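*Asks:* Please see the structure below; I have some questions.
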Amino acid sequence: MSALIFVFVALWGLVASDPDPLQDLCVADKVAGLHINGFPCKNGANVTGDDFFFTGLTNPPTINNTMGAVITAANVDKIPGLNTLGISLARIDYQPCGLNPPHIHPRASEIIFVLDGELDVGFFTTSSKLVSKSLKKGDIFVFPQGLIHYQKNNGGRPASVIAGFDSQFPGTQSITAALFTSTPPMPDDVLTMAFRIGTKGLKKMRSKLAPKRT
């Protein structure tokens with residue numbers, strides 16, 4: 001299994017889509033205070049192996065949210081050495097019936113490798129065609145850049161995947177959260193007309209989706 005994951009990651013690196021680097025490496029200097037497309041480069045004399053190292057995908061995390069799924073990212077925020085390399089990974093863990101709800105990655109295509117369990121996955125084209133598949137352990141599926149997609153555990157036990165992206169920071173935008181919990185909120189008349197619901201229905205949706213206070 002580890003060999004398959006290695007090949008999966010290596011091949012994905014060959015099709016990285018972020019801009020090509022102009023030097024051997026450019027470790028992200030996140031305290032430089034500059035605002036550019038990406039991060040400025042750390043002084044090469046201060047680069048260490050830790051800048052290219054991360055252990056956060058080793059073990060499944062605790063899942064305690066209503067969707068029953070947790071994403072552990074391994075992007076440039078976690079691995080500064082990814083800066084300018086155009087690749088990143090994530091681990092996604094699902095409880096039985098857990099859902100990674102409809103979302104998009106504006107800056108990357110995604111490829112997933114099923115580590116364990118079974119999933120129903122799919123994406124929607126711009127003509128509203130659903131392209132879907134049921135996956136099992138060892139299967140791979142691709143989600144094209146910018147298209148709405150989802151994954152749902154359809155088995156009776158936990159599931160997990162490793163996801164690869166052709167961007168150091170692909171970004172994730174949840175469709176429902178963007179529409180119903182934005183700040184400032186989207187105008188009520190836009191949502192009521194778009195979804196053919198009344199004001200009461202809109203308030204109910206927002207109350208259900210609002211982040212829980214701790």
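If you're wondering about the labels, chains in the structure tokens are A, B, ... by order shown, residues count from 1 in each chain, ligands from 1 in order shown.
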Excluding region 104-116 of chain A and residues on its chain fewer than 4 positions from it, collect all residues at most 10 Å away from it, counting only C-alpha atoms, and give them as a ChimeraX atom specification.

*Replies:* /A:1-2,4-5,8-9,12,16-18,86-94,123,135-150,157-175

*Asks:* Just the strand (DSSP E or B) stuff from chain A, please, per backbone DSSP, written as JSON, numbers by chain.

*Replies:* {"A": [28, 36, 38, 41, 69, 70, 71, 72, 73, 74, 88, 89, 90, 91, 92, 93, 94, 99, 100, 101, 102, 103, 104, 110, 111, 112, 113, 114, 115, 116, 119, 120, 121, 122, 123, 124, 130, 131, 132, 133, 134, 135, 140, 141, 142, 143, 149, 150, 151, 152, 153, 159, 160, 161, 162, 163, 164, 165, 173, 174]}

*Asks:* Between CA of Ala69 (chain A) and CA of Gln95 (chain A), what distance in Å does the model show, to one decimal?

*Replies:* 6.3 Å

*Asks:* Tell me, which residues of region 125-211 of chain A carry DSSP helix (DSSP H, G or I), written as a list in words?

*Replies:*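 Restricting region 125-211 of chain A to helix (DSSP H, G or I) produces Ile175, Thr176, Ala177, Ala178, Leu179, Phe180, Asp188, Asp189, Val190, Leu191, Thr192, Met193, Ala194, Phe195, Thr199, Lys200, Gly201, Leu202, Lys203, Lys204, Met205, Arg206, Ser207, Lys208 and Leu209 of chain A.
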
*Asks:* Suppose we keep N, CA, C and O atoms; can you now write the selection as a JSON list (two decimals), in the first residue's frame?

*Replies:*
[["chain", "number", "residue", "atom", "x", "y", "z"],
["A", 175, "ILE", "N", -20.06, 25.24, -0.63],
["A", 175, "ILE", "CA", -21.16, 25.89, -1.34],
["A", 175, "ILE", "C", -22.21, 26.41, -0.37],
["A", 175, "ILE", "O", -22.61, 27.57, -0.42],
["A", 176, "THR", "N", -22.67, 25.55, 0.54],
["A", 176, "THR", "CA", -23.73, 25.98, 1.46],
["A", 176, "THR", "C", -23.25, 27.06, 2.42],
["A", 176, "THR", "O", -23.98, 28.02, 2.70],
["A", 177, "ALA", "N", -22.04, 26.92, 2.92],
["A", 177, "ALA", "CA", -21.52, 27.93, 3.85],
["A", 177, "ALA", "C", -21.37, 29.28, 3.16],
["A", 177, "ALA", "O", -21.69, 30.33, 3.74],
["A", 178, "ALA", "N", -20.88, 29.27, 1.92],
["A", 178, "ALA", "CA", -20.70, 30.52, 1.19],
["A", 178, "ALA", "C", -22.04, 31.23, 0.96],
["A", 178, "ALA", "O", -22.14, 32.45, 1.06],
["A", 179, "LEU", "N", -23.08, 30.45, 0.69],
["A", 179, "LEU", "CA", -24.37, 31.05, 0.37],
["A", 179, "LEU", "C", -25.14, 31.51, 1.60],
["A", 179, "LEU", "O", -25.80, 32.55, 1.58],
["A", 180, "PHE", "N", -25.06, 30.71, 2.68],
["A", 180, "PHE", "CA", -25.96, 30.97, 3.81],
["A", 180, "PHE", "C", -25.27, 31.49, 5.07],
["A", 180, "PHE", "O", -25.96, 31.90, 6.01],
["A", 188, "ASP", "N", -31.17, 38.74, 1.39],
["A", 188, "ASP", "CA", -32.24, 37.76, 1.51],
["A", 188, "ASP", "C", -32.99, 37.55, 0.20],
["A", 188, "ASP", "O", -33.34, 36.42, -0.15],
["A", 189, "ASP", "N", -33.24, 38.65, -0.52],
["A", 189, "ASP", "CA", -34.05, 38.51, -1.74],
["A", 189, "ASP", "C", -33.33, 37.70, -2.81],
["A", 189, "ASP", "O", -33.95, 37.04, -3.63],
["A", 190, "VAL", "N", -31.99, 37.72, -2.79],
["A", 190, "VAL", "CA", -31.23, 36.92, -3.75],
["A", 190, "VAL", "C", -31.43, 35.43, -3.45],
["A", 190, "VAL", "O", -31.70, 34.62, -4.34],
["A", 191, "LEU", "N", -31.32, 35.07, -2.17],
["A", 191, "LEU", "CA", -31.43, 33.66, -1.80],
["A", 191, "LEU", "C", -32.86, 33.15, -1.91],
["A", 191, "LEU", "O", -33.09, 32.02, -2.36],
["A", 192, "THR", "N", -33.84, 33.95, -1.49],
["A", 192, "THR", "CA", -35.22, 33.48, -1.57],
["A", 192, "THR", "C", -35.66, 33.27, -3.01],
["A", 192, "THR", "O", -36.37, 32.32, -3.33],
["A", 193, "MET", "N", -35.19, 34.14, -3.91],
["A", 193, "MET", "CA", -35.54, 33.97, -5.32],
["A", 193, "MET", "C", -34.78, 32.80, -5.93],
["A", 193, "MET", "O", -35.36, 32.00, -6.68],
["A", 194, "ALA", "N", -33.51, 32.66, -5.62],
["A", 194, "ALA", "CA", -32.69, 31.61, -6.21],
["A", 194, "ALA", "C", -33.15, 30.22, -5.79],
["A", 194, "ALA", "O", -33.15, 29.28, -6.60],
["A", 195, "PHE", "N", -33.55, 30.08, -4.51],
["A", 195, "PHE", "CA", -33.91, 28.76, -4.00],
["A", 195, "PHE", "C", -35.41, 28.56, -3.86],
["A", 195, "PHE", "O", -35.85, 27.51, -3.38],
["A", 199, "THR", "N", -38.90, 33.74, 3.49],
["A", 199, "THR", "CA", -37.99, 34.29, 4.50],
["A", 199, "THR", "C", -37.85, 33.36, 5.69],
["A", 199, "THR", "O", -36.75, 33.20, 6.24],
["A", 200, "LYS", "N", -38.95, 32.70, 6.08],
["A", 200, "LYS", "CA", -38.87, 31.76, 7.22],
["A", 200, "LYS", "C", -37.95, 30.59, 6.88],
["A", 200, "LYS", "O", -37.16, 30.14, 7.72],
["A", 201, "GLY", "N", -38.08, 30.07, 5.66],
["A", 201, "GLY", "CA", -37.22, 28.98, 5.25],
["A", 201, "GLY", "C", -35.76, 29.38, 5.21],
["A", 201, "GLY", "O", -34.87, 28.61, 5.58],
["A", 202, "LEU", "N", -35.50, 30.62, 4.80],
["A", 202, "LEU", "CA", -34.14, 31.14, 4.76],
["A", 202, "LEU", "C", -33.55, 31.24, 6.16],
["A", 202, "LEU", "O", -32.40, 30.83, 6.41],
["A", 203, "LYS", "N", -34.32, 31.76, 7.09],
["A", 203, "LYS", "CA", -33.85, 31.88, 8.47],
["A", 203, "LYS", "C", -33.56, 30.50, 9.07],
["A", 203, "LYS", "O", -32.59, 30.32, 9.82],
["A", 204, "LYS", "N", -34.39, 29.53, 8.73],
["A", 204, "LYS", "CA", -34.19, 28.17, 9.23],
["A", 204, "LYS", "C", -32.89, 27.59, 8.70],
["A", 204, "LYS", "O", -32.12, 26.96, 9.44],
["A", 205, "MET", "N", -32.62, 27.81, 7.41],
["A", 205, "MET", "CA", -31.38, 27.32, 6.81],
["A", 205, "MET", "C", -30.17, 27.95, 7.49],
["A", 205, "MET", "O", -29.21, 27.27, 7.84],
["A", 206, "ARG", "N", -30.22, 29.25, 7.68],
["A", 206, "ARG", "CA", -29.09, 29.94, 8.30],
["A", 206, "ARG", "C", -28.86, 29.50, 9.73],
["A", 206, "ARG", "O", -27.72, 29.36, 10.17],
["A", 207, "SER", "N", -29.94, 29.26, 10.46],
["A", 207, "SER", "CA", -29.79, 28.83, 11.85],
["A", 207, "SER", "C", -29.17, 27.44, 11.93],
["A", 207, "SER", "O", -28.38, 27.15, 12.85],
["A", 208, "LYS", "N", -29.51, 26.57, 11.00],
["A", 208, "LYS", "CA", -28.95, 25.21, 10.99],
["A", 208, "LYS", "C", -27.48, 25.20, 10.61],
["A", 208, "LYS", "O", -26.70, 24.37, 11.08],
["A", 209, "LEU", "N", -27.08, 26.14, 9.72],
["A", 209, "LEU", "CA", -25.71, 26.13, 9.20],
["A", 209, "LEU", "C", -24.77, 27.02, 9.99],
["A", 209, "LEU", "O", -23.56, 26.95, 9.79]]

*Asks:* Between CA of Glu118 (chain A) and CA of Ser134 (chain A), measure the distance and give it in Å to one decimal.

*Replies:*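 Here the two named atoms are 7.3 Å from each other.
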